[in-house]
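Next up, protein04.cif (mmCIF, C-alpha atoms and all ligand atoms):
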data_run
loop_
_atom_site.label_atom_id
_atom_site.label_comp_id
_atom_site.auth_asym_id
_atom_site.auth_seq_id
_atom_site.Cartn_x
_atom_site.Cartn_y
_atom_site.Cartn_z
CA MET A 21 28.62 -54.92 -105.58
CA ARG A 22 26.62 -53.06 -102.93
CA PHE A 23 26.89 -49.41 -101.98
CA ILE A 24 25.13 -46.30 -100.77
CA HIS A 25 25.99 -43.05 -102.54
CA GLU A 26 24.63 -39.68 -101.52
CA SER A 27 25.25 -36.71 -103.80
CA MET A 28 26.27 -33.62 -101.87
CA PRO A 29 24.14 -30.55 -102.55
CA VAL A 30 27.10 -28.22 -103.11
CA ARG A 31 27.15 -25.93 -106.12
CA VAL A 32 30.69 -25.70 -107.53
CA VAL A 33 31.82 -22.84 -109.76
CA PHE A 34 35.28 -23.65 -111.10
CA GLY A 35 37.80 -21.85 -113.33
CA ALA A 36 40.29 -19.02 -113.62
CA GLY A 37 38.61 -15.71 -112.82
CA SER A 38 35.51 -17.33 -111.33
CA SER A 39 35.69 -15.28 -108.12
CA THR A 40 34.00 -12.56 -110.22
CA HIS A 41 30.87 -14.78 -110.07
CA LEU A 42 30.51 -14.07 -106.36
CA ALA A 43 27.86 -11.36 -106.78
CA ASN A 44 25.71 -13.73 -108.88
CA GLU A 45 26.04 -16.48 -106.31
CA VAL A 46 25.16 -14.18 -103.40
CA ALA A 47 22.08 -12.99 -105.31
CA ARG A 48 21.14 -16.56 -106.27
CA LEU A 49 21.02 -17.49 -102.57
CA GLY A 50 18.91 -14.39 -101.90
CA LEU A 51 21.46 -12.98 -99.43
CA GLN A 52 21.33 -9.27 -98.60
CA ARG A 53 24.24 -8.73 -96.16
CA VAL A 54 27.14 -11.15 -96.16
CA LEU A 55 30.21 -10.95 -93.95
CA ALA A 56 33.50 -11.79 -95.66
CA LEU A 57 36.01 -13.75 -93.57
CA SER A 58 39.78 -14.08 -93.98
CA THR A 59 43.04 -14.36 -92.08
CA PRO A 60 44.83 -11.07 -91.33
CA ARG A 61 47.24 -11.88 -94.19
CA LYS A 62 44.44 -12.18 -96.75
CA HIS A 63 42.56 -9.04 -95.69
CA SER A 64 43.22 -7.07 -98.87
CA LEU A 65 42.37 -10.06 -101.09
CA ALA A 66 39.05 -10.44 -99.26
CA GLU A 67 38.33 -6.73 -99.70
CA ARG A 68 39.05 -6.97 -103.41
CA VAL A 69 36.85 -10.04 -103.88
CA VAL A 70 33.81 -8.58 -102.10
CA GLU A 71 34.12 -5.14 -103.69
CA ALA A 72 31.68 -6.11 -106.43
CA LEU A 73 29.01 -6.96 -103.86
CA GLY A 74 28.28 -3.32 -103.06
CA ASP A 75 25.54 -3.07 -100.40
CA ARG A 76 25.29 -6.83 -100.13
CA ALA A 77 28.67 -6.89 -98.32
CA ALA A 78 28.49 -5.95 -94.64
CA GLY A 79 32.28 -5.89 -94.29
CA VAL A 80 35.44 -7.97 -93.98
CA TYR A 81 36.29 -9.74 -90.72
CA ALA A 82 39.99 -10.59 -91.09
CA HIS A 83 40.69 -12.40 -87.81
CA ALA A 84 40.61 -16.10 -88.75
CA VAL A 85 43.35 -18.13 -87.02
CA MET A 86 44.49 -21.76 -87.13
CA HIS A 87 42.32 -24.45 -85.42
CA VAL A 88 39.33 -22.15 -84.68
CA PRO A 89 39.63 -21.30 -80.96
CA VAL A 90 36.14 -21.10 -79.39
CA ALA A 91 36.80 -17.50 -78.31
CA SER A 92 37.62 -16.44 -81.88
CA ALA A 93 34.43 -18.06 -83.21
CA GLU A 94 32.37 -16.30 -80.51
CA ALA A 95 33.94 -12.93 -81.31
CA ALA A 96 33.24 -13.42 -85.04
CA CYS A 97 29.62 -14.42 -84.34
CA ALA A 98 29.14 -11.31 -82.19
CA GLU A 99 30.46 -9.12 -85.02
CA ALA A 100 28.19 -10.87 -87.57
CA ALA A 101 25.19 -10.33 -85.29
CA ARG A 102 26.09 -6.67 -84.75
CA LEU A 103 26.26 -6.19 -88.53
CA GLU A 104 22.99 -8.15 -89.00
CA CYS A 105 24.55 -10.52 -91.54
CA ASP A 106 22.58 -13.25 -93.29
CA GLY A 107 25.52 -15.28 -94.66
CA TYR A 108 29.28 -15.69 -94.75
CA VAL A 109 31.83 -15.61 -97.56
CA ALA A 110 35.00 -17.44 -96.49
CA ILE A 111 38.02 -16.42 -98.57
CA GLY A 112 41.11 -18.43 -97.63
CA GLY A 113 42.36 -21.83 -96.51
CA GLY A 114 41.09 -24.37 -94.01
CA SER A 115 41.48 -21.95 -91.10
CA THR A 116 39.18 -19.33 -92.63
CA ILE A 117 36.67 -21.91 -93.85
CA GLY A 118 36.85 -23.49 -90.38
CA LEU A 119 35.86 -20.17 -88.80
CA ALA A 120 32.89 -19.84 -91.17
CA LYS A 121 31.83 -23.40 -90.29
CA ALA A 122 31.95 -22.68 -86.55
CA MET A 123 29.78 -19.60 -87.15
CA ALA A 124 27.33 -21.57 -89.31
CA LEU A 125 27.14 -24.25 -86.63
CA ALA A 126 26.00 -21.61 -84.14
CA SER A 127 23.76 -19.55 -86.43
CA GLY A 128 22.61 -21.86 -89.25
CA LEU A 129 23.51 -19.15 -91.80
CA PRO A 130 24.81 -20.23 -95.24
CA ILE A 131 28.46 -20.20 -96.35
CA ILE A 132 29.92 -19.40 -99.74
CA ALA A 133 33.54 -20.63 -99.76
CA ILE A 134 36.33 -19.34 -101.98
CA PRO A 135 39.25 -21.63 -101.09
CA THR A 136 42.80 -20.41 -101.65
CA THR A 137 44.66 -23.55 -100.47
CA TYR A 138 44.20 -27.27 -101.18
CA SER A 139 42.81 -28.27 -97.75
CA GLY A 140 39.47 -29.52 -99.15
CA SER A 141 37.55 -28.35 -96.07
CA GLU A 142 35.10 -26.42 -98.26
CA MET A 143 33.50 -29.67 -99.50
CA THR A 144 32.95 -31.35 -96.13
CA SER A 145 30.45 -31.13 -93.31
CA ILE A 146 33.27 -31.53 -90.77
CA TRP A 147 33.71 -28.70 -88.25
CA GLY A 148 36.40 -28.26 -85.59
CA LEU A 149 36.67 -26.05 -82.50
CA THR A 150 39.58 -25.74 -80.08
CA ALA A 151 39.28 -25.04 -76.37
CA ASP A 152 41.86 -25.60 -73.60
CA GLY A 153 44.33 -27.12 -76.06
CA GLU A 154 41.89 -29.76 -77.28
CA LYS A 155 40.22 -29.80 -80.69
CA ARG A 156 36.67 -31.16 -80.91
CA THR A 157 35.36 -32.12 -84.33
CA GLY A 158 32.01 -33.25 -85.61
CA ARG A 159 29.87 -33.49 -88.71
CA ASP A 160 26.85 -31.29 -89.32
CA GLU A 161 25.21 -30.53 -92.68
CA ARG A 162 24.63 -26.90 -91.62
CA VAL A 163 28.36 -26.19 -91.95
CA ARG A 164 28.82 -27.54 -95.47
CA PRO A 165 29.13 -24.53 -97.81
CA LYS A 166 26.17 -24.04 -100.18
CA VAL A 167 28.44 -22.75 -102.93
CA VAL A 168 32.17 -23.22 -103.54
CA ILE A 169 33.94 -20.93 -105.98
CA TYR A 170 37.32 -22.30 -107.09
CA ASP A 171 39.43 -19.61 -108.73
CA PRO A 172 42.98 -20.85 -109.46
CA GLU A 173 44.15 -17.26 -109.96
CA LEU A 174 43.74 -16.73 -106.21
CA THR A 175 46.19 -19.59 -105.56
CA LEU A 176 49.03 -18.07 -107.60
CA SER A 177 50.31 -16.34 -104.46
CA LEU A 178 50.43 -19.57 -102.44
CA PRO A 179 54.16 -20.01 -101.61
CA PRO A 180 55.79 -23.40 -102.39
CA ALA A 181 56.31 -24.07 -98.67
CA VAL A 182 52.52 -23.85 -98.12
CA ALA A 183 51.40 -25.29 -101.47
CA GLY A 184 53.38 -28.56 -101.16
CA PRO A 185 52.10 -29.71 -97.74
CA SER A 186 48.62 -28.36 -98.47
CA GLY A 187 48.52 -30.44 -101.67
CA ILE A 188 49.60 -33.56 -99.79
CA ASN A 189 46.88 -32.85 -97.22
CA ALA A 190 44.48 -33.17 -100.19
CA LEU A 191 46.21 -36.33 -101.43
CA ALA A 192 45.68 -37.86 -97.99
CA HIS A 193 41.91 -37.33 -98.33
CA CYS A 194 42.02 -39.27 -101.61
CA VAL A 195 44.13 -42.14 -100.23
CA GLU A 196 41.86 -42.65 -97.22
CA ALA A 197 38.71 -42.40 -99.37
CA LEU A 198 40.06 -45.19 -101.59
CA TYR A 199 40.04 -47.69 -98.72
CA ALA A 200 37.13 -46.29 -96.66
CA ALA A 201 34.49 -48.98 -96.12
CA ASP A 202 31.70 -46.49 -96.82
CA ALA A 203 33.13 -44.98 -100.03
CA SER A 204 30.99 -45.67 -103.10
CA PRO A 205 32.48 -46.47 -106.53
CA ILE A 206 31.80 -42.84 -107.57
CA THR A 207 33.65 -41.49 -104.52
CA LYS A 208 36.60 -43.76 -105.33
CA LEU A 209 36.67 -42.55 -108.94
CA MET A 210 36.86 -38.98 -107.67
CA ALA A 211 39.60 -39.91 -105.20
CA GLU A 212 41.66 -41.67 -107.87
CA GLU A 213 41.33 -38.75 -110.27
CA GLY A 214 42.32 -36.48 -107.37
CA VAL A 215 45.53 -38.47 -106.82
CA ARG A 216 46.29 -38.22 -110.54
CA ALA A 217 45.71 -34.45 -110.71
CA LEU A 218 47.58 -33.63 -107.49
CA SER A 219 50.60 -35.89 -108.00
CA ARG A 220 51.12 -34.46 -111.51
CA SER A 221 50.56 -30.81 -110.76
CA LEU A 222 52.20 -30.29 -107.36
CA PRO A 223 55.85 -30.69 -108.47
CA VAL A 224 55.24 -28.06 -111.17
CA VAL A 225 53.33 -25.78 -108.81
CA VAL A 226 56.26 -25.57 -106.39
CA ARG A 227 58.78 -25.17 -109.22
CA GLU A 228 56.76 -22.65 -111.23
CA PRO A 229 54.35 -20.89 -108.84
CA GLU A 230 53.03 -18.70 -111.68
CA ASN A 231 51.96 -21.64 -113.85
CA LEU A 232 48.18 -21.11 -114.00
CA GLU A 233 47.49 -24.34 -115.90
CA GLU A 234 49.11 -26.50 -113.20
CA ARG A 235 47.59 -24.37 -110.43
CA THR A 236 44.23 -25.12 -112.05
CA LEU A 237 44.96 -28.87 -112.12
CA ALA A 238 46.03 -28.79 -108.45
CA LEU A 239 42.86 -26.97 -107.41
CA TYR A 240 40.78 -29.43 -109.45
CA GLY A 241 42.53 -32.22 -107.51
CA ALA A 242 41.81 -30.43 -104.23
CA TRP A 243 38.11 -30.21 -105.13
CA LEU A 244 37.99 -33.95 -105.85
CA ALA A 245 39.89 -34.65 -102.62
CA GLY A 246 37.52 -32.54 -100.54
CA ALA A 247 34.50 -34.16 -102.18
CA ALA A 248 35.94 -37.63 -101.47
CA LEU A 249 36.66 -36.74 -97.82
CA GLY A 250 33.16 -35.28 -97.54
CA ALA A 251 31.62 -38.56 -98.71
CA ALA A 252 33.73 -41.15 -96.86
CA THR A 253 34.82 -41.84 -93.30
CA PRO A 254 38.58 -41.38 -92.94
CA GLY A 255 40.72 -43.85 -90.98
CA LEU A 256 44.08 -44.07 -89.19
CA HIS A 257 45.79 -41.32 -91.16
CA HIS A 258 43.33 -38.54 -90.32
CA LYS A 259 43.02 -39.74 -86.70
CA LEU A 260 46.80 -39.73 -86.22
CA CYS A 261 47.25 -36.31 -87.82
CA HIS A 262 44.41 -34.83 -85.83
CA MET A 263 45.84 -36.22 -82.60
CA LEU A 264 49.43 -35.13 -83.38
CA GLY A 265 48.35 -31.63 -84.43
CA GLY A 266 46.02 -31.11 -81.46
CA SER A 267 48.03 -32.72 -78.65
CA PHE A 268 51.55 -31.69 -79.67
CA ASN A 269 50.75 -28.42 -81.45
CA LEU A 270 52.26 -29.46 -84.78
CA PRO A 271 51.37 -27.71 -88.08
CA HIS A 272 48.39 -29.36 -89.80
CA ALA A 273 49.41 -29.83 -93.45
CA GLU A 274 53.03 -30.70 -92.58
CA VAL A 275 51.89 -33.48 -90.23
CA HIS A 276 49.74 -34.90 -93.05
CA THR A 277 52.74 -34.78 -95.37
CA ILE A 278 55.00 -36.68 -92.98
CA ILE A 279 52.48 -39.29 -91.83
CA LEU A 280 50.85 -40.23 -95.16
CA PRO A 281 53.58 -42.53 -96.61
CA HIS A 282 53.77 -44.44 -93.32
CA VAL A 283 50.02 -44.97 -92.97
CA ALA A 284 49.91 -46.01 -96.64
CA ALA A 285 52.63 -48.60 -95.92
CA TYR A 286 50.84 -49.74 -92.74
CA ASN A 287 47.55 -50.24 -94.60
CA ALA A 288 48.95 -51.61 -97.87
CA PRO A 289 48.78 -55.33 -96.92
CA ALA A 290 45.15 -54.93 -95.80
CA ALA A 291 44.03 -52.68 -98.67
CA PRO A 292 46.02 -53.84 -101.72
CA ASP A 293 43.39 -52.72 -104.25
CA ALA A 294 43.22 -49.19 -102.85
CA LEU A 295 47.00 -48.81 -102.79
CA ALA A 296 47.21 -50.25 -106.31
CA ARG A 297 44.82 -47.52 -107.46
CA VAL A 298 46.98 -44.87 -105.76
CA ALA A 299 50.08 -46.32 -107.45
CA GLN A 300 48.38 -46.45 -110.84
CA ALA A 301 47.16 -42.87 -110.57
CA MET A 302 50.69 -41.75 -109.63
CA GLY A 303 52.25 -43.84 -112.42
CA VAL A 304 54.46 -45.78 -109.98
CA ALA A 305 54.78 -49.34 -108.63
CA ASP A 306 55.14 -48.59 -104.92
CA ALA A 307 52.62 -46.05 -103.60
CA PRO A 308 53.96 -45.53 -100.02
CA ALA A 309 57.54 -44.93 -101.23
CA ALA A 310 56.26 -42.68 -104.04
CA LEU A 311 54.29 -40.58 -101.54
CA PHE A 312 57.48 -40.15 -99.52
CA ASP A 313 59.47 -39.27 -102.66
CA LEU A 314 56.82 -36.75 -103.68
CA ALA A 315 57.21 -34.91 -100.36
CA VAL A 316 60.99 -34.81 -100.92
CA ARG A 317 60.49 -33.45 -104.45
CA LEU A 318 58.19 -30.76 -103.10
CA GLY A 319 60.79 -29.71 -100.54
CA ALA A 320 58.25 -30.53 -97.80
CA PRO A 321 59.19 -31.96 -94.40
CA THR A 322 59.47 -35.76 -94.08
CA ALA A 323 60.34 -36.20 -90.38
CA LEU A 324 58.30 -35.36 -87.27
CA ARG A 325 61.49 -34.42 -85.43
CA ASP A 326 61.96 -31.55 -87.93
CA ILE A 327 58.60 -29.94 -87.15
CA GLY A 328 58.80 -29.86 -83.36
CA MET A 329 57.82 -33.37 -82.22
CA ARG A 330 59.87 -34.70 -79.29
CA SER A 331 60.98 -38.34 -79.13
CA GLU A 332 59.93 -38.65 -75.48
CA ASN A 333 56.32 -38.00 -76.58
CA LEU A 334 56.12 -40.89 -79.07
CA ASP A 335 54.91 -43.43 -76.49
CA HIS A 336 52.19 -41.09 -75.29
CA ALA A 337 51.20 -40.39 -78.92
CA ALA A 338 50.85 -44.13 -79.61
CA ASP A 339 48.60 -44.46 -76.54
CA LEU A 340 46.47 -41.51 -77.64
CA ALA A 341 46.10 -42.98 -81.15
CA LEU A 342 44.53 -46.10 -79.65
CA ARG A 343 42.28 -44.34 -77.18
CA SER A 344 39.24 -44.17 -79.48
CA SER A 345 38.07 -46.68 -82.06
CA TYR A 346 37.69 -45.88 -85.74
CA PRO A 347 37.48 -47.74 -89.03
CA ASN A 348 40.77 -48.72 -90.71
CA PRO A 349 41.65 -51.51 -93.14
CA ALA A 350 44.65 -52.86 -91.14
CA PRO A 351 44.09 -53.81 -87.47
CA LEU A 352 45.43 -51.18 -85.07
CA THR A 353 48.10 -52.53 -82.71
CA ARG A 354 50.16 -50.68 -80.12
CA ASP A 355 53.43 -52.05 -81.54
CA GLY A 356 52.42 -51.26 -85.12
CA ILE A 357 51.43 -47.65 -84.35
CA ARG A 358 54.53 -47.12 -82.20
CA GLN A 359 56.75 -48.34 -85.05
CA LEU A 360 54.87 -46.17 -87.55
CA LEU A 361 55.44 -43.11 -85.34
CA ASP A 362 59.11 -43.99 -84.98
CA ASP A 363 59.52 -44.22 -88.75
CA ALA A 364 57.70 -40.91 -89.18
CA TYR A 365 59.76 -39.30 -86.42
CA HIS A 366 63.03 -40.22 -88.12
CA GLY A 367 61.72 -39.64 -91.66
CA ARG A 368 62.54 -43.15 -92.93
CA ARG A 369 61.45 -43.91 -96.49
CA PRO A 370 58.90 -46.78 -96.45
CA LYS A 371 60.56 -49.95 -97.68
CA GLY A 372 59.47 -51.33 -101.08
CA ILE A 373 55.92 -52.38 -100.47
CA SER A 374 54.89 -53.14 -104.01
CA VAL A 375 51.15 -53.62 -104.55
P1 LIG B 1 45.50 -22.13 -93.43
O1 LIG B 1 44.10 -21.85 -93.81
O2 LIG B 1 45.86 -21.94 -91.99
O3 LIG B 1 46.45 -21.27 -94.36
C1 LIG B 1 47.85 -21.32 -94.16
C2 LIG B 1 48.47 -19.93 -94.38
O4 LIG B 1 48.46 -19.66 -95.77
C3 LIG B 1 47.72 -18.79 -93.69
O5 LIG B 1 48.63 -17.90 -93.13
C4 LIG B 1 46.97 -18.12 -94.84
O6 LIG B 1 46.75 -16.74 -94.63
C5 LIG B 1 47.91 -18.37 -96.01
N1 LIG B 1 47.26 -18.44 -97.32
C6 LIG B 1 46.10 -19.05 -97.63
N2 LIG B 1 45.88 -18.94 -98.93
C7 LIG B 1 46.90 -18.25 -99.48
C8 LIG B 1 47.23 -17.83 -100.80
N3 LIG B 1 46.46 -18.14 -101.85
N4 LIG B 1 48.38 -17.14 -100.98
C9 LIG B 1 49.21 -16.85 -99.95
N5 LIG B 1 48.95 -17.24 -98.67
C10 LIG B 1 47.81 -17.93 -98.44
O7 LIG B 1 45.94 -23.63 -93.80
P2 LIG B 1 45.18 -24.87 -94.44
O8 LIG B 1 46.18 -25.95 -94.51
O9 LIG B 1 44.44 -24.47 -95.66
O10 LIG B 1 44.08 -25.23 -93.36
C11 LIG B 1 44.40 -25.89 -92.16
C12 LIG B 1 43.18 -25.97 -91.27
O11 LIG B 1 42.09 -26.53 -91.99
C13 LIG B 1 43.41 -26.84 -90.04
O12 LIG B 1 42.83 -26.22 -88.92
C14 LIG B 1 42.63 -28.12 -90.39
O13 LIG B 1 42.17 -28.79 -89.25
C15 LIG B 1 41.52 -27.59 -91.25
N6 LIG B 1 40.97 -28.58 -92.20
C16 LIG B 1 39.66 -28.94 -92.06
C17 LIG B 1 39.10 -29.86 -92.94
C18 LIG B 1 37.64 -30.20 -92.79
O14 LIG B 1 37.09 -30.95 -93.59
N7 LIG B 1 36.98 -29.66 -91.79
C19 LIG B 1 39.86 -30.42 -93.98
C20 LIG B 1 41.20 -30.03 -94.10
C21 LIG B 1 41.75 -29.09 -93.21
#
Spell out the structure here as structure tokens.
Ligand code: NAD
Amino acid sequence: MRFIHESMPVRVVFGAGSSTHLANEVARLGLQRVLALSTPRKHSLAERVVEALGDRAAGVYAHAVMHVPVASAEAACAEAARLECDGYVAIGGGSTIGLAKAMALASGLPIIAIPTTYSGSEMTSIWGLTADGEKRTGRDERVRPKVVIYDPELTLSLPPAVAGPSGINALAHCVEALYAADASPITKLMAEEGVRALSRSLPVVVREPENLEERTLALYGAWLAGAALGAATPGLHHKLCHMLGGSFNLPHAEVHTIILPHVAAYNAPAAPDALARVAQAMGVADAPAALFDLAVRLGAPTALRDIGMRSENLDHAADLALRSSYPNPAPLTRDGIRQLLDDAYHGRRPKGISV
């Protein structure tokens, strides 16, 4: 056994009601004037959360949008500079945390993240910025939040239609971490535990949105998933989803939900141990089919054609997927990717690949 493991210097405060720790965490970092960030929809939540900060809160900037357009990041940076802020508090999902990351990339100021979805972005050093319809991403330690406060009570309002795909977005981080060549045994343990927590909690979360215990388990799984993604290099799944979302303007978490069973099936012959760990954590024999069935149980989409993809774009998508090189357990072939996209387009259940 040989590995390199680097512990990420992120302080995690976890548990129901823990957003009330924000003032302590701001003081601990020595911050005097933080700017709270949210989407327009989460404006009042952000105001409530930062209320306890008193003078240490410079205000709430509630203009975060999906995929972080460069212009929106520049406008937010200008507002932060005008208010003479020395840090950001991102309250929301991957879009809000993404805005904070773009601002930190430009300014070097610290982020405290309070995630309200299961995207896992809060644990990674991955940033993304969109300009002229193209999303650039990169890794930079400056954008990794210094503190993450996970408060499951803030996720109680997450509607089933958002919670299901968002949870599978997190599951996808775990699956790809389990076969990533650079994932250490510790990272894989976190990923496997993440699969267990998410696959058990998500069906209850969409059935009983008010169930705080299962919301807590789902958020715990999302933390593990984000930590696993933050410590391993993702493969075909994340590349495909990124390309499909960026080039064909498809919704992020839904694309993850549709693609994951097909990439799992594609990689299963080349990564039998990883897929066996996914299956074991889910309590099933066939991981790719179980991932598909989970999406069905969650009422989430299972076909690209149902979320706006057009069949005449599948060839172009297959070409785009092969344009850059990236690590993946199974070799990437044009025919293989084209078939995968066809299966995902039609929403076919992966056929009994038992590992
Ligand atoms: P999102 O942040 O866009 O949120 C989706 C919607 O849900 C928004 O309208 C938001 O206001 C609402 N919402 C959020 N929390 C809520 C709550 N608790 N109750 C009710 N409504 C709530 O979606 P997302 O899936 O969290 O994030 C997607 C973005 O994150 C994409 O741009 C993706 O690229 C990025 N992402 C980045 C990483 C990374 O490591 N950099 C990882 C995963 C996702």
**Message:** Please return as a PyMOL selection string the residues found within 7 Å of ligand LIG 1 (chain B), counting all atoms listed in the file.
**Reply:** chain A and resi 59-62+85-88+112-116+118+136-142+144-148+174-179+182+186+272-273
**Option closest in space to Ser27 of chain A, from A:Gly74, A:Gly250, A:Pro223, A:Gly255 [counting all atoms listed in the file]** = A:Gly250
**Message:** For a test of reading the model, state the distance in Å between atom CA of Val163 of chain A and atom CA of Cys105 of chain A, rounded to one decimal.
**Reply:** 16.1 Å
**Message:** Could you tell me how far atom CA of Leu318 of chain A sits from atom CA of Ala211 of chain A, in Å to one decimal place?
**Reply:**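 Going from atom CA of Ala211 of chain A over to atom CA of Leu318 of chain A, I get 20.8 Å.
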**Item:** Atom pair atom CA of Leu125 of chain A / atom CA of Asp160 of chain A: separation (Å)
**Value:**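 Result for atom CA of Leu125 of chain A versus atom CA of Asp160 of chain A: 7.5 Å, one decimal.
The nearest approach to Cys194 of chain A among the residues A:Ala301, A:Leu222, A:Leu103, A:Ala337, with all atoms listed in the file taken into account, belongs to A:Ala301.
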**Request:** Excluding His282 of chain A and residues on its chain fewer than 6 positions from it, collect all residues at most 8 Å away from it, counting only C-alpha atoms, and give them as a ChimeraX atom specification.
**Result:** /A:308,360,363-364,370
Could you please take those selected residues and save C-alpha atoms as a PDB file, keeping the file's coordinate frame?
ATOM      1  CA  PRO A 308      53.960 -45.530-100.020  1.00  0.00           C
ATOM      2  CA  LEU A 360      54.870 -46.170 -87.550  1.00  0.00           C
ATOM      3  CA  ASP A 363      59.520 -44.220 -88.750  1.00  0.00           C
ATOM      4  CA  ALA A 364      57.700 -40.910 -89.180  1.00  0.00           C
ATOM      5  CA  PRO A 370      58.900 -46.780 -96.450  1.00  0.00           C
TER       6      PRO A 370
END
**Request:** Using all atoms listed in the file, pick whichever of A:Met123, A:Asn269, A:Pro281, A:Ile117 has the shortest atom-to-atom distance to Ala192 of chain A.
**Result:** A:Pro281
**Message:** Env of Glu233 of chain A: 10 Å cut, atoms = all atoms listed in the file, seq-sep filter 4 positions within chain, self excluded. Answer as a ChimeraX atom specification.
**Reply:** /A:36,172-173,221,224-225,237-238
**Item:** Long-range neighbours of Glu67 of chain A as a PyMOL selection string, 10 Å cut-off, all atoms listed in the file, 6 positions minimum in chain
**Value:** chain A and resi 56-58+77+79-82+111
**Message:** From the options A:Ala181, A:Arg325, A:Ser127, A:Arg68, which residue's atoms come nearest to Arg227 of chain A, counting all atoms listed in the file?
**Reply:** A:Ala181
**Prompt:** Can you list, as a PyMOL selection string, every protein, DNA or RNA residue that comes within 9 Å of Ser38 of chain A when you count all atoms listed in the file, leaving out same-chain residues fewer than 3 positions away?
**Reply:** chain A and resi 33-35+41-42+169-173
**Prompt:** Pick from A:Asn44, A:Gln300, A:Gln52, A:Ser331: nearest to Glu213 of chain A, with all atoms listed in the file counted?
**Reply:**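 Nearest candidate to Glu213 of chain A out of A:Asn44, A:Gln300, A:Gln52, A:Ser331: A:Gln300.
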